[in-house]
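Here's start-v2.txt, which has compact mmCIF, C-alpha atoms:
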# COMPACT_ATOMS: atom_id res chain seq x y z
CA MET A 1 -39.73 -24.52 -41.46
CA ASN A 2 -41.22 -21.45 -39.79
CA GLU A 3 -39.47 -18.08 -39.27
CA LEU A 4 -38.39 -18.90 -35.70
CA GLU A 5 -36.75 -22.18 -36.72
CA ALA A 6 -35.03 -20.49 -39.67
CA ALA A 7 -33.65 -17.74 -37.46
CA ARG A 8 -32.39 -20.26 -34.91
CA ARG A 9 -30.72 -22.30 -37.63
CA THR A 10 -28.90 -19.16 -38.79
CA ILE A 11 -27.77 -18.48 -35.22
CA ASP A 12 -26.49 -22.07 -34.90
CA GLN A 13 -24.50 -21.70 -38.12
CA VAL A 14 -22.98 -18.39 -36.99
CA ASP A 15 -22.14 -19.88 -33.58
CA ARG A 16 -20.21 -22.73 -35.24
CA GLN A 17 -18.20 -20.21 -37.21
CA MET A 18 -17.63 -18.05 -34.12
CA ALA A 19 -16.37 -21.02 -32.10
CA ALA A 20 -13.66 -21.65 -34.66
CA LEU A 21 -12.80 -17.96 -34.86
CA PHE A 22 -12.70 -17.72 -31.06
CA GLU A 23 -10.16 -20.54 -30.90
CA ALA A 24 -8.05 -18.87 -33.61
CA ARG A 25 -8.18 -15.54 -31.78
CA MET A 26 -7.19 -17.04 -28.44
CA GLU A 27 -4.32 -18.92 -30.09
CA ALA A 28 -3.06 -15.55 -31.36
CA VAL A 29 -3.54 -14.08 -27.87
CA GLY A 30 -1.34 -16.86 -26.54
CA ARG A 31 1.39 -15.87 -29.01
CA VAL A 32 1.05 -12.24 -27.88
CA ALA A 33 1.53 -13.35 -24.27
CA ALA A 34 4.56 -15.47 -25.19
CA TYR A 35 6.15 -12.54 -27.01
CA LYS A 36 5.60 -10.26 -24.03
CA GLN A 37 7.14 -12.83 -21.74
CA ALA A 38 10.18 -13.33 -23.98
CA HIS A 39 10.78 -9.57 -24.27
CA ASP A 40 9.92 -8.77 -20.64
CA LEU A 41 6.99 -6.56 -21.66
CA PRO A 42 4.14 -5.71 -19.31
CA VAL A 43 0.71 -7.12 -20.07
CA LEU A 44 -0.88 -3.70 -19.68
CA ASP A 45 -1.15 -1.73 -22.93
CA ALA A 46 -3.96 0.75 -22.34
CA GLY A 47 -3.90 2.28 -25.81
CA ARG A 48 -4.39 -1.10 -27.52
CA GLU A 49 -7.89 -1.68 -26.16
CA ALA A 50 -9.14 1.68 -27.42
CA GLN A 51 -7.66 0.98 -30.86
CA VAL A 52 -9.25 -2.47 -31.07
CA LEU A 53 -12.63 -1.09 -30.05
CA GLU A 54 -12.46 1.77 -32.54
CA LYS A 55 -11.38 -0.46 -35.44
CA ASN A 56 -14.10 -3.01 -34.80
CA LEU A 57 -16.87 -0.45 -34.45
CA ALA A 58 -15.82 1.03 -37.80
CA LEU A 59 -16.49 -2.37 -39.43
CA LEU A 60 -20.06 -2.45 -38.20
CA GLN A 61 -22.62 -1.70 -40.91
CA ASN A 62 -25.71 -1.51 -38.69
CA LYS A 63 -24.78 1.41 -36.42
CA GLU A 64 -27.81 0.79 -34.20
CA LEU A 65 -25.92 -2.25 -32.91
CA ALA A 66 -22.85 -0.19 -31.96
CA PRO A 67 -23.40 -0.07 -28.15
CA TYR A 68 -24.09 -3.82 -28.07
CA TYR A 69 -21.10 -4.62 -30.25
CA ALA A 70 -18.91 -2.37 -28.11
CA ASP A 71 -19.90 -4.39 -25.03
CA TYR A 72 -19.20 -7.61 -26.93
CA ILE A 73 -15.71 -6.46 -27.93
CA ARG A 74 -14.90 -5.28 -24.40
CA HIS A 75 -15.96 -8.63 -22.97
CA GLN A 76 -13.95 -10.47 -25.62
CA MET A 77 -10.84 -8.49 -24.69
CA ALA A 78 -11.47 -9.10 -21.00
CA LEU A 79 -11.39 -12.84 -21.67
CA SER A 80 -8.19 -12.35 -23.65
CA ARG A 81 -6.59 -10.50 -20.75
CA GLN A 82 -7.52 -13.29 -18.37
CA TYR A 83 -6.05 -15.87 -20.74
CA GLN A 84 -2.82 -13.89 -21.02
CA THR A 85 -2.38 -13.94 -17.25
CA LYS A 86 -2.81 -17.72 -17.28
CA VAL A 87 -0.29 -18.19 -20.11
CA LEU A 88 2.18 -15.95 -18.28
CA GLY A 89 1.64 -17.74 -14.99
CA ARG A 90 0.20 -14.61 -13.45
CA ASP A 91 -3.18 -16.03 -12.50
CA THR A 92 -2.52 -16.43 -8.78
CA VAL A 93 -4.00 -13.62 -6.69
CA ALA A 94 -3.53 -13.26 -2.94
CA TYR A 95 -6.04 -11.93 -0.42
CA GLN A 96 -6.53 -11.84 3.34
CA GLY A 97 -9.27 -13.94 4.86
CA VAL A 98 -11.30 -16.92 3.75
CA GLU A 99 -13.73 -17.63 0.94
CA GLY A 100 -16.74 -15.33 1.23
CA ALA A 101 -14.87 -12.41 2.80
CA PHE A 102 -15.34 -9.07 1.06
CA SER A 103 -11.72 -9.20 -0.13
CA HIS A 104 -12.48 -12.54 -1.78
CA ILE A 105 -15.64 -11.11 -3.38
CA ALA A 106 -13.63 -8.17 -4.77
CA LEU A 107 -10.94 -10.56 -6.02
CA LYS A 108 -13.47 -12.62 -7.96
CA GLN A 109 -14.91 -9.47 -9.52
CA LEU A 110 -11.47 -8.33 -10.64
CA PHE A 111 -9.99 -11.73 -11.53
CA PRO A 112 -12.92 -14.07 -12.29
CA ARG A 113 -10.75 -17.02 -13.32
CA ALA A 114 -7.76 -16.52 -11.06
CA ARG A 115 -6.47 -18.97 -8.49
CA ALA A 116 -7.23 -17.27 -5.19
CA LEU A 117 -4.55 -17.68 -2.52
CA ALA A 118 -5.72 -16.94 1.03
CA PHE A 119 -3.58 -15.59 3.87
CA ALA A 120 -4.29 -14.81 7.49
CA THR A 121 -2.90 -11.25 7.47
CA TRP A 122 -2.48 -8.31 5.11
CA GLY A 123 1.26 -8.45 5.69
CA GLU A 124 1.38 -11.99 4.35
CA VAL A 125 -0.41 -10.84 1.18
CA PHE A 126 2.33 -8.23 0.61
CA GLN A 127 5.02 -10.81 1.29
CA ALA A 128 3.46 -13.28 -1.18
CA VAL A 129 3.42 -10.68 -3.95
CA SER A 130 6.90 -9.44 -3.11
CA ALA A 131 8.29 -13.00 -3.18
CA GLY A 132 6.54 -13.87 -6.46
CA ARG A 133 4.16 -16.44 -4.95
CA ALA A 134 1.28 -14.35 -6.26
CA ALA A 135 1.18 -12.01 -9.24
CA PHE A 136 -1.33 -9.70 -7.58
CA GLY A 137 -2.84 -9.01 -4.19
CA VAL A 138 -6.26 -7.56 -3.41
CA LEU A 139 -6.60 -5.55 -0.20
CA PRO A 140 -9.11 -3.14 1.37
CA PHE A 141 -7.83 0.43 1.36
CA GLU A 142 -10.67 2.70 2.41
CA ASN A 143 -14.34 2.57 3.35
CA SER A 144 -16.80 5.37 2.65
CA HIS A 145 -18.19 5.09 6.20
CA ALA A 146 -15.42 3.74 8.45
CA GLY A 147 -12.51 5.51 6.74
CA ASP A 148 -8.97 4.39 5.93
CA VAL A 149 -7.51 0.94 6.44
CA ALA A 150 -4.36 2.51 7.84
CA ALA A 151 -2.44 -0.74 8.28
CA VAL A 152 -2.61 -1.43 4.53
CA LEU A 153 -1.28 2.05 3.74
CA ASP A 154 1.59 1.43 6.20
CA LEU A 155 2.40 -1.80 4.36
CA CYS A 156 2.46 0.10 1.05
CA TYR A 157 4.97 2.50 2.60
CA ALA A 158 7.11 -0.33 3.99
CA HIS A 159 7.23 -2.39 0.76
CA LYS A 160 9.11 -0.24 -1.71
CA ASP A 161 9.02 -2.98 -4.37
CA ILE A 162 5.22 -3.00 -4.49
CA PHE A 163 2.96 -0.84 -6.67
CA VAL A 164 -0.77 -0.23 -6.83
CA THR A 165 -1.98 -1.23 -10.29
CA ALA A 166 -5.74 -0.80 -9.92
CA VAL A 167 -8.50 0.31 -7.59
CA TYR A 168 -11.94 -1.24 -7.35
CA ASP A 169 -14.96 0.15 -5.50
CA LEU A 170 -17.15 -2.60 -4.07
CA PRO A 171 -20.60 -1.64 -2.75
CA VAL A 172 -20.86 -3.25 0.68
CA ARG A 173 -24.15 -4.42 2.14
CA GLN A 174 -23.75 -5.69 5.68
CA ASN A 175 -26.28 -8.17 7.05
CA LEU A 176 -26.87 -9.78 10.42
CA LEU A 177 -26.59 -13.53 9.96
CA GLY A 178 -27.69 -16.31 12.28
CA LEU A 179 -28.23 -20.04 12.38
CA PRO A 180 -31.19 -21.44 10.44
CA GLY A 181 -34.27 -21.14 12.61
CA ALA A 182 -32.85 -18.32 14.72
CA LYS A 183 -34.80 -15.07 15.07
CA LEU A 184 -33.50 -11.55 15.46
CA SER A 185 -34.74 -11.52 19.06
CA ASP A 186 -32.56 -14.57 19.80
CA ILE A 187 -29.28 -12.78 19.12
CA ARG A 188 -27.28 -11.74 22.18
CA ARG A 189 -23.76 -11.33 20.77
CA VAL A 190 -22.35 -10.49 17.34
CA TYR A 191 -19.02 -11.24 15.67
CA SER A 192 -17.42 -9.50 12.70
CA HIS A 193 -14.44 -7.55 11.40
CA PRO A 194 -13.89 -4.18 13.16
CA GLN A 195 -14.70 -2.30 9.94
CA ALA A 196 -18.02 -4.12 9.56
CA ILE A 197 -18.83 -3.48 13.21
CA ALA A 198 -18.11 0.24 12.75
CA GLN A 199 -20.25 0.32 9.61
CA SER A 200 -23.16 -1.29 11.50
CA GLU A 201 -22.73 0.64 14.74
CA ARG A 202 -26.11 2.41 14.62
CA PHE A 203 -27.98 -0.86 14.12
CA LEU A 204 -26.09 -2.62 16.91
CA LYS A 205 -26.71 0.23 19.35
CA SER A 206 -30.42 0.27 18.53
CA LEU A 207 -30.67 -3.35 19.71
CA GLY A 208 -28.07 -3.10 22.47
CA LEU A 209 -25.99 -5.86 20.90
CA PRO A 210 -22.33 -6.21 21.95
CA ALA A 211 -19.89 -7.04 19.17
CA GLU A 212 -16.58 -8.88 19.20
CA SER A 213 -13.87 -8.52 16.55
CA CYS A 214 -12.78 -11.26 14.15
CA ALA A 215 -10.09 -11.28 11.49
CA ASN A 216 -12.73 -10.87 8.77
CA THR A 217 -16.46 -11.14 8.16
CA ALA A 218 -16.33 -14.61 6.61
CA LEU A 219 -14.47 -16.05 9.61
CA ALA A 220 -17.15 -14.58 11.85
CA ALA A 221 -19.83 -16.29 9.78
CA LYS A 222 -17.90 -19.55 9.82
CA GLN A 223 -17.58 -19.35 13.62
CA VAL A 224 -21.35 -18.93 14.01
CA ALA A 225 -22.10 -21.67 11.46
CA GLU A 226 -19.86 -24.19 13.20
CA GLY A 227 -21.46 -23.55 16.57
CA ALA A 228 -24.90 -24.55 17.76
CA ASP A 229 -25.79 -21.37 19.61
CA LYS A 230 -28.74 -19.45 18.20
CA SER A 231 -27.85 -16.47 20.39
CA LEU A 232 -24.76 -15.74 18.28
CA GLY A 233 -24.79 -13.71 15.08
CA ALA A 234 -22.31 -12.50 12.48
CA ILE A 235 -22.17 -9.39 10.33
CA ALA A 236 -21.28 -10.30 6.77
CA SER A 237 -22.50 -10.34 3.17
CA ALA A 238 -25.47 -12.25 1.79
CA GLU A 239 -22.97 -14.26 -0.30
CA THR A 240 -21.26 -15.34 2.90
CA ALA A 241 -24.59 -16.39 4.40
CA ALA A 242 -25.23 -18.69 1.44
CA LEU A 243 -21.67 -20.05 1.60
CA TYR A 244 -21.92 -21.09 5.25
CA GLY A 245 -25.59 -22.04 5.37
CA LEU A 246 -26.70 -19.14 7.55
CA SER A 247 -29.90 -17.12 7.45
CA VAL A 248 -30.11 -13.36 6.94
CA LEU A 249 -31.89 -12.09 10.05
CA ALA A 250 -31.60 -8.39 9.14
CA ALA A 251 -30.51 -7.04 5.76
CA ASP A 252 -28.62 -3.84 4.91
CA ILE A 253 -27.77 -2.95 8.49
CA ASN A 254 -24.81 -0.68 7.62
CA SER A 255 -25.39 2.87 8.86
CA ASP A 256 -24.38 4.44 5.55
CA GLY A 257 -26.78 3.47 2.79
CA ASP A 258 -24.04 4.16 0.23
CA ASN A 259 -21.46 1.98 1.95
CA THR A 260 -18.55 1.29 -0.39
CA THR A 261 -15.13 -0.23 0.22
CA ARG A 262 -12.28 0.72 -2.07
CA PHE A 263 -9.88 -2.14 -2.75
CA ILE A 264 -6.42 -1.83 -4.23
CA VAL A 265 -4.60 -4.32 -6.41
CA ILE A 266 -0.87 -4.60 -5.72
CA SER A 267 1.87 -5.99 -7.94
CA ARG A 268 5.64 -5.96 -8.31
CA THR A 269 5.27 -4.47 -11.79
CA ARG A 270 4.81 -0.71 -11.97
CA PRO A 271 2.04 0.14 -14.44
CA VAL A 272 2.49 2.97 -16.90
CA GLU A 273 -1.06 3.80 -17.95
CA GLY A 274 -3.87 5.29 -15.91
CA ASP A 275 -5.88 8.42 -15.27
CA ARG A 276 -4.78 8.63 -11.62
CA PHE A 277 -1.47 8.25 -9.84
CA SER A 278 -0.55 8.18 -6.18
CA LEU A 279 2.59 9.29 -4.37
CA LEU A 280 4.22 8.57 -1.03
CA PHE A 281 6.54 11.26 0.26
CA THR A 282 8.26 12.64 3.33
CA VAL A 283 9.40 16.20 3.97
CA GLU A 284 11.79 17.86 6.35
CA HIS A 285 10.16 18.44 9.71
CA LYS A 286 10.02 22.23 9.32
CA ALA A 287 7.26 24.79 9.07
CA GLY A 288 5.89 25.26 5.56
CA MET A 289 7.44 22.19 3.93
CA LEU A 290 4.14 20.35 3.43
CA ALA A 291 2.59 23.56 2.14
CA ARG A 292 5.33 23.78 -0.50
CA VAL A 293 4.45 20.32 -1.75
CA ILE A 294 0.75 21.14 -1.96
CA GLN A 295 1.51 24.43 -3.70
CA SER A 296 3.71 22.64 -6.25
CA ILE A 297 0.93 20.16 -7.01
CA GLY A 298 -1.63 22.93 -7.43
CA ALA A 299 0.69 25.11 -9.53
CA ALA A 300 1.31 22.17 -11.87
CA GLY A 301 -2.44 21.94 -12.48
CA PHE A 302 -3.14 18.61 -10.81
CA ASN A 303 -6.29 18.03 -8.81
CA MET A 304 -5.39 16.35 -5.51
CA GLU A 305 -8.31 14.05 -4.75
CA SER A 306 -6.89 12.63 -1.55
CA ILE A 307 -4.21 13.35 1.04
CA LYS A 308 -3.45 11.23 4.09
CA SER A 309 -0.77 11.32 6.76
CA ARG A 310 0.59 8.46 8.84
CA PRO A 311 3.26 8.21 11.56
CA LYS A 312 6.70 7.58 10.11
CA PRO A 313 7.99 4.22 11.39
CA GLY A 314 10.70 4.62 14.01
CA VAL A 315 10.49 8.43 14.11
CA PRO A 316 8.17 9.66 16.87
CA PHE A 317 5.79 12.48 15.88
CA GLU A 318 6.98 12.71 12.29
CA TYR A 319 4.85 11.60 9.37
CA TYR A 320 4.81 10.35 5.83
CA PHE A 321 2.13 11.45 3.35
CA TYR A 322 0.00 9.84 0.68
CA VAL A 323 -1.61 11.84 -2.14
CA GLU A 324 -3.75 10.79 -5.08
CA LEU A 325 -3.64 13.01 -8.17
CA VAL A 326 -5.81 13.16 -11.26
CA GLY A 327 -3.67 12.89 -14.38
CA ARG A 328 -1.42 10.65 -16.42
CA PRO A 329 2.00 10.12 -14.85
CA GLY A 330 3.73 9.76 -18.20
CA ALA A 331 2.72 13.24 -19.37
CA ASP A 332 5.32 16.00 -19.50
CA ASP A 333 3.64 18.04 -16.76
CA ALA A 334 3.61 15.01 -14.44
CA ARG A 335 7.30 14.34 -15.04
CA ALA A 336 8.07 17.99 -14.35
CA LEU A 337 6.08 17.83 -11.12
CA LEU A 338 7.94 14.74 -9.93
CA GLU A 339 11.27 16.43 -10.62
CA GLU A 340 10.16 19.48 -8.62
CA LEU A 341 8.91 17.34 -5.72
CA ALA A 342 12.21 15.45 -5.65
CA ALA A 343 13.90 18.76 -4.87
CA VAL A 344 11.36 19.68 -2.17
CA CYS A 345 10.81 16.33 -0.44
CA ASP A 346 13.20 14.19 1.55
CA THR A 347 11.78 11.16 -0.27
CA VAL A 348 9.13 10.77 -2.96
CA ARG A 349 8.03 7.75 -4.98
CA VAL A 350 5.18 6.78 -7.23
CA LEU A 351 3.09 4.20 -5.42
CA GLY A 352 0.34 3.60 -7.94
CA VAL A 353 -0.84 4.24 -11.47
CA PHE A 354 -4.41 3.22 -12.18
CA PHE A 355 -7.77 3.98 -13.69
CA ARG A 356 -10.47 4.94 -11.22
CA SER A 357 -12.74 2.02 -12.14
CA ALA A 358 -11.08 -1.35 -12.45
CA GLY A 359 -13.29 -4.34 -13.06
CA ASP A 360 -13.64 -7.22 -15.47
CA GLY A 361 -10.03 -8.30 -14.99
CA ALA A 362 -8.62 -4.86 -15.73
CA ALA A 363 -5.89 -5.19 -13.16
CA ALA A 364 -4.37 -8.00 -15.14
CA GLY A 365 -3.74 -5.79 -18.14
CA LYS A 366 -4.92 -5.40 -21.70
CA GLU A 367 -4.14 -7.01 -25.04

Target format structure tokens, applied to this file:
Amino acid sequence: MNELEAARRTIDQVDRQMAALFEARMEAVGRVAAYKQAHDLPVLDAGREAQVLEKNLALLQNKELAPYYADYIRHQMALSRQYQTKVLGRDTVAYQGVEGAFSHIALKQLFPRARALAFATWGEVFQAVSAGRAAFGVLPFENSHAGDVAAVLDLCYAHKDIFVTAVYDLPVRQNLLGLPGAKLSDIRRVYSHPQAIAQSERFLKSLGLPAESCANTALAAKQVAEGADKSLGAIASAETAALYGLSVLAADINSDGDNTTRFIVISRTRPVEGDRFSLLFTVEHKAGMLARVIQSIGAAGFNMESIKSRPKPGVPFEYYFYVELVGRPGADDARALLEELAAVCDTVRVLGVFFRSAGDGAAAGKE
């Protein structure tokens, strides 16, 4: 037996041991999930993951392997989180659109093993989560080029039983798709979602191509794929092109080379851990009231990374406000701020608690 064969035999022996240990670990994870369900505990326990990582790294004798072992432990816990959601029956995630839409791509990044439940509108996603048909919903919230998805923010304001549990930034690369055999010069009309059209405006203008709106990018691609007209194109992702058998006629056509869409994950369960939190509030329609809120936030030492205003439903020319603050909402200074804002604002509520980066199933919680 040479050195390569000996090393591979050792790996095979270790793998057999690890398979048995993996099963034992996941069985224990199932008991953890059952306990949480019986005691009505949230899946999310942010401090636990850090403790598990620290304890396991301390066991490592070869410290040169630490970064690799850290990645291994993180991935192991990500699988455990996904399994917990399945045990708890929280593995159904709602989104708007069809398979291949950017919302679906974001969903699969966040919840790789979830059952994806598609709806025609954003409102139906909120309703599904609110009614318990889905444990989570994934929705676009903001694009680095085209700006806010205002209708989703309005739905957050309207659904007071819904919370934002995570955010996920998805790099978006728009492409012009066409039927196999079509050329760029064949295209006379383009279909896509209004956001994708806005993101690709410079490219479309350079070719003088008119664009028509669709409910989402994947539906636009499906419409082109099901037709037999080589003069029609769709703006969508390369993944969508492969899904519907289309060709990429022009790649990366979005005007902003750093085009990113921020998605939010919504749930009926308010999370308690995160390094950001967001608020929705209204103030009396008098001079200086909004300034008092901003001054209170600044005086409390919180960095306000975002502020948005939207028309208040049913009240012409009055507005509600959304702010995103850096900090942990459970800290004493955050609680003091919320008490102060309650005295200044007509209404104020915590909309979301989340970490800035949420991938690898993070929205579903931690061990």

Selection as a VMD selection string: residues within 7 Å of (-4.0, -18.7, -6.6), counting all atoms listed in the file: chain A and resid 91 to 94 114 to 117 134

All residues 7 Å or closer to Ile266 of chain A, only C-alpha atoms, same chain fewer than 6 positions away omitted, as JSON, numbers by chain: {"A": [136, 137, 138, 162, 163, 164, 165]}

Residue among A:Ala198, A:Ala118, A:Leu219, A:Ala331 lying closest to His145 of chain A, counting all atoms listed in the file: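 Nearest candidate to His145 of chain A out of A:Ala198, A:Ala118, A:Leu219, A:Ala331: A:Ala198.
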
All residues 7 Å or closer to segment 234-236 of chain A, all atoms listed in the file, same chain fewer than 6 positions away omitted, as number ranges by chain: A: 174-178, 190-192, 196, 217-218, 220-221, 224

Gap from atom CA of Cys214 of chain A to atom CA of Pro180 of chain A - Å, one decimal: 21.4 Å

Distance criterion (only C-alpha atoms): nearest to Val152 of chain A out of A:Arg276, A:Arg31, A:Arg262, A:Arg9: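 Closest to Val152 of chain A, using only C-alpha atoms: A:Arg262.
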
Atomic separation - atom CA of Gln82 of chain A relative to atom CA of Ala241 of chain A, Å: 28.6 Å

Computed interatomic separation between atom CA of Val272 of chain A and atom CA of Gly330 of chain A (Å):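 Answer for the atom CA of Val272 of chain A to atom CA of Gly330 of chain A separation: 7.0 Å.
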
Nearby residues, (-15.8, -13.1, 3.8) file frame, 8 Å, only C-alpha atoms, as a ChimeraX atom specification: /A:97-105,216-219,221,236-237,240

Contacts of Ala70 of chain A within 10 Å, all atoms listed in the file, excl. fewer than 5 positions in-chain, as a ChimeraX atom specification: /A:53-54,56-57,65,75-76

Kindly save the residues from that selection, with C-alpha atoms included, as a short mmCIF file (atom, residue, chain, number, x, y, z; two decimals), keeping the file's coordinate frame.
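So again10.cif came out as:
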data_model
loop_
_atom_site.label_atom_id
_atom_site.label_comp_id
_atom_site.auth_asym_id
_atom_site.auth_seq_id
_atom_site.Cartn_x
_atom_site.Cartn_y
_atom_site.Cartn_z
CA LEU A 53 -12.63 -1.09 -30.05
CA GLU A 54 -12.46 1.77 -32.54
CA ASN A 56 -14.10 -3.01 -34.80
CA LEU A 57 -16.87 -0.45 -34.45
CA LEU A 65 -25.92 -2.25 -32.91
CA HIS A 75 -15.96 -8.63 -22.97
CA GLN A 76 -13.95 -10.47 -25.62
#

A:Ala135, A:Ala33, A:Ala215, A:Val248 ranked by distance to Trp122 of chain A, top pick (using all atoms listed in the file):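 For Trp122 of chain A, the nearest of the candidates is A:Ala215.
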
A:Thr261, A:Lys63, A:Val353, A:Leu337 ranked by distance to Leu139 of chain A, top pick (using all atoms listed in the file):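 Closest residue, counting all atoms listed in the file: A:Thr261.
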
Exercise: Asp346 of chain A partners within 9 Å, only C-alpha atoms, chain neighbours under 6 positions left out, as number ranges by chain: A: 281-284

Residue nearest Tyr320 of chain A among A:Leu338, A:Phe302, A:Ala158, A:Asp275 (counting only C-alpha atoms):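 When distances to Tyr320 of chain A are compared using only C-alpha atoms, the smallest one comes from A:Ala158.
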
Pick from A:Phe119, A:Tyr157, A:Glu340, A:Lys286 nearest to Arg133 of chain A, counting all atoms listed in the file: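 For Arg133 of chain A, the nearest of the candidates is A:Phe119.
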
Contact residues around Val87 of chain A with all atoms listed in the file at 12 Å, ignoring same-chain residues under 4 positions, as a ChimeraX atom specification: /A:26-37,43,80-83,91-92,114

What would segment 267-274 of chain A look like with all heavy atoms in place, written as a PDB file, keeping the file's coordinate frame?
ATOM      1  N   SER A 267       1.041  -5.166  -7.074  1.00  0.00           N
ATOM      2  CA  SER A 267       1.870  -5.990  -7.940  1.00  0.00           C
ATOM      3  C   SER A 267       3.319  -5.528  -7.822  1.00  0.00           C
ATOM      4  O   SER A 267       3.586  -4.413  -7.377  1.00  0.00           O
ATOM      5  CB  SER A 267       1.392  -5.866  -9.395  1.00  0.00           C
ATOM      6  OG  SER A 267       2.302  -6.484 -10.285  1.00  0.00           O
ATOM      7  N   ARG A 268       4.234  -6.370  -8.249  1.00  0.00           N
ATOM      8  CA  ARG A 268       5.640  -5.960  -8.310  1.00  0.00           C
ATOM      9  C   ARG A 268       5.944  -5.138  -9.553  1.00  0.00           C
ATOM     10  O   ARG A 268       6.984  -4.486  -9.631  1.00  0.00           O
ATOM     11  CB  ARG A 268       6.552  -7.182  -8.297  1.00  0.00           C
ATOM     12  CG  ARG A 268       6.624  -7.920  -6.958  1.00  0.00           C
ATOM     13  CD  ARG A 268       7.482  -9.149  -7.088  1.00  0.00           C
ATOM     14  NE  ARG A 268       6.916 -10.074  -8.077  1.00  0.00           N
ATOM     15  CZ  ARG A 268       7.578 -11.110  -8.585  1.00  0.00           C
ATOM     16  NH1 ARG A 268       8.835 -11.333  -8.225  1.00  0.00           N
ATOM     17  NH2 ARG A 268       6.990 -11.912  -9.452  1.00  0.00           N
ATOM     18  N   THR A 269       5.053  -5.169 -10.520  1.00  0.00           N
ATOM     19  CA  THR A 269       5.270  -4.470 -11.790  1.00  0.00           C
ATOM     20  C   THR A 269       4.605  -3.102 -11.740  1.00  0.00           C
ATOM     21  O   THR A 269       3.393  -3.005 -11.508  1.00  0.00           O
ATOM     22  CB  THR A 269       4.694  -5.269 -12.967  1.00  0.00           C
ATOM     23  OG1 THR A 269       5.310  -6.556 -12.994  1.00  0.00           O
ATOM     24  CG2 THR A 269       4.946  -4.550 -14.279  1.00  0.00           C
ATOM     25  N   ARG A 270       5.373  -2.061 -11.969  1.00  0.00           N
ATOM     26  CA  ARG A 270       4.810  -0.710 -11.970  1.00  0.00           C
ATOM     27  C   ARG A 270       4.066  -0.470 -13.280  1.00  0.00           C
ATOM     28  O   ARG A 270       4.644  -0.582 -14.360  1.00  0.00           O
ATOM     29  CB  ARG A 270       5.918   0.333 -11.810  1.00  0.00           C
ATOM     30  CG  ARG A 270       5.409   1.757 -11.949  1.00  0.00           C
ATOM     31  CD  ARG A 270       6.522   2.765 -11.770  1.00  0.00           C
ATOM     32  NE  ARG A 270       6.108   4.099 -12.205  1.00  0.00           N
ATOM     33  CZ  ARG A 270       6.851   5.194 -12.089  1.00  0.00           C
ATOM     34  NH1 ARG A 270       8.040   5.114 -11.551  1.00  0.00           N
ATOM     35  NH2 ARG A 270       6.405   6.357 -12.506  1.00  0.00           N
ATOM     36  N   PRO A 271       2.782  -0.152 -13.216  1.00  0.00           N
ATOM     37  CA  PRO A 271       2.040   0.140 -14.440  1.00  0.00           C
ATOM     38  C   PRO A 271       2.422   1.503 -14.989  1.00  0.00           C
ATOM     39  O   PRO A 271       2.955   2.352 -14.273  1.00  0.00           O
ATOM     40  CB  PRO A 271       0.573   0.129 -13.972  1.00  0.00           C
ATOM     41  CG  PRO A 271       0.652   0.506 -12.530  1.00  0.00           C
ATOM     42  CD  PRO A 271       1.949  -0.056 -12.018  1.00  0.00           C
ATOM     43  N   VAL A 272       2.115   1.708 -16.260  1.00  0.00           N
ATOM     44  CA  VAL A 272       2.490   2.970 -16.900  1.00  0.00           C
ATOM     45  C   VAL A 272       1.292   3.760 -17.377  1.00  0.00           C
ATOM     46  O   VAL A 272       1.421   4.934 -17.699  1.00  0.00           O
ATOM     47  CB  VAL A 272       3.453   2.723 -18.086  1.00  0.00           C
ATOM     48  CG1 VAL A 272       4.755   2.136 -17.602  1.00  0.00           C
ATOM     49  CG2 VAL A 272       2.805   1.787 -19.114  1.00  0.00           C
ATOM     50  N   GLU A 273       0.118   3.119 -17.428  1.00  0.00           N
ATOM     51  CA  GLU A 273      -1.060   3.800 -17.950  1.00  0.00           C
ATOM     52  C   GLU A 273      -2.128   3.915 -16.872  1.00  0.00           C
ATOM     53  O   GLU A 273      -2.373   2.984 -16.109  1.00  0.00           O
ATOM     54  CB  GLU A 273      -1.628   3.034 -19.147  1.00  0.00           C
ATOM     55  CG  GLU A 273      -0.737   3.049 -20.372  1.00  0.00           C
ATOM     56  CD  GLU A 273      -0.692   4.400 -21.053  1.00  0.00           C
ATOM     57  OE1 GLU A 273      -1.545   5.256 -20.738  1.00  0.00           O
ATOM     58  OE2 GLU A 273       0.202   4.615 -21.889  1.00  0.00           O
ATOM     59  N   GLY A 274      -2.772   5.064 -16.834  1.00  0.00           N
ATOM     60  CA  GLY A 274      -3.870   5.290 -15.910  1.00  0.00           C
ATOM     61  C   GLY A 274      -4.282   6.742 -15.940  1.00  0.00           C
ATOM     62  O   GLY A 274      -3.567   7.594 -16.491  1.00  0.00           O
TER      63      GLY A 274
END
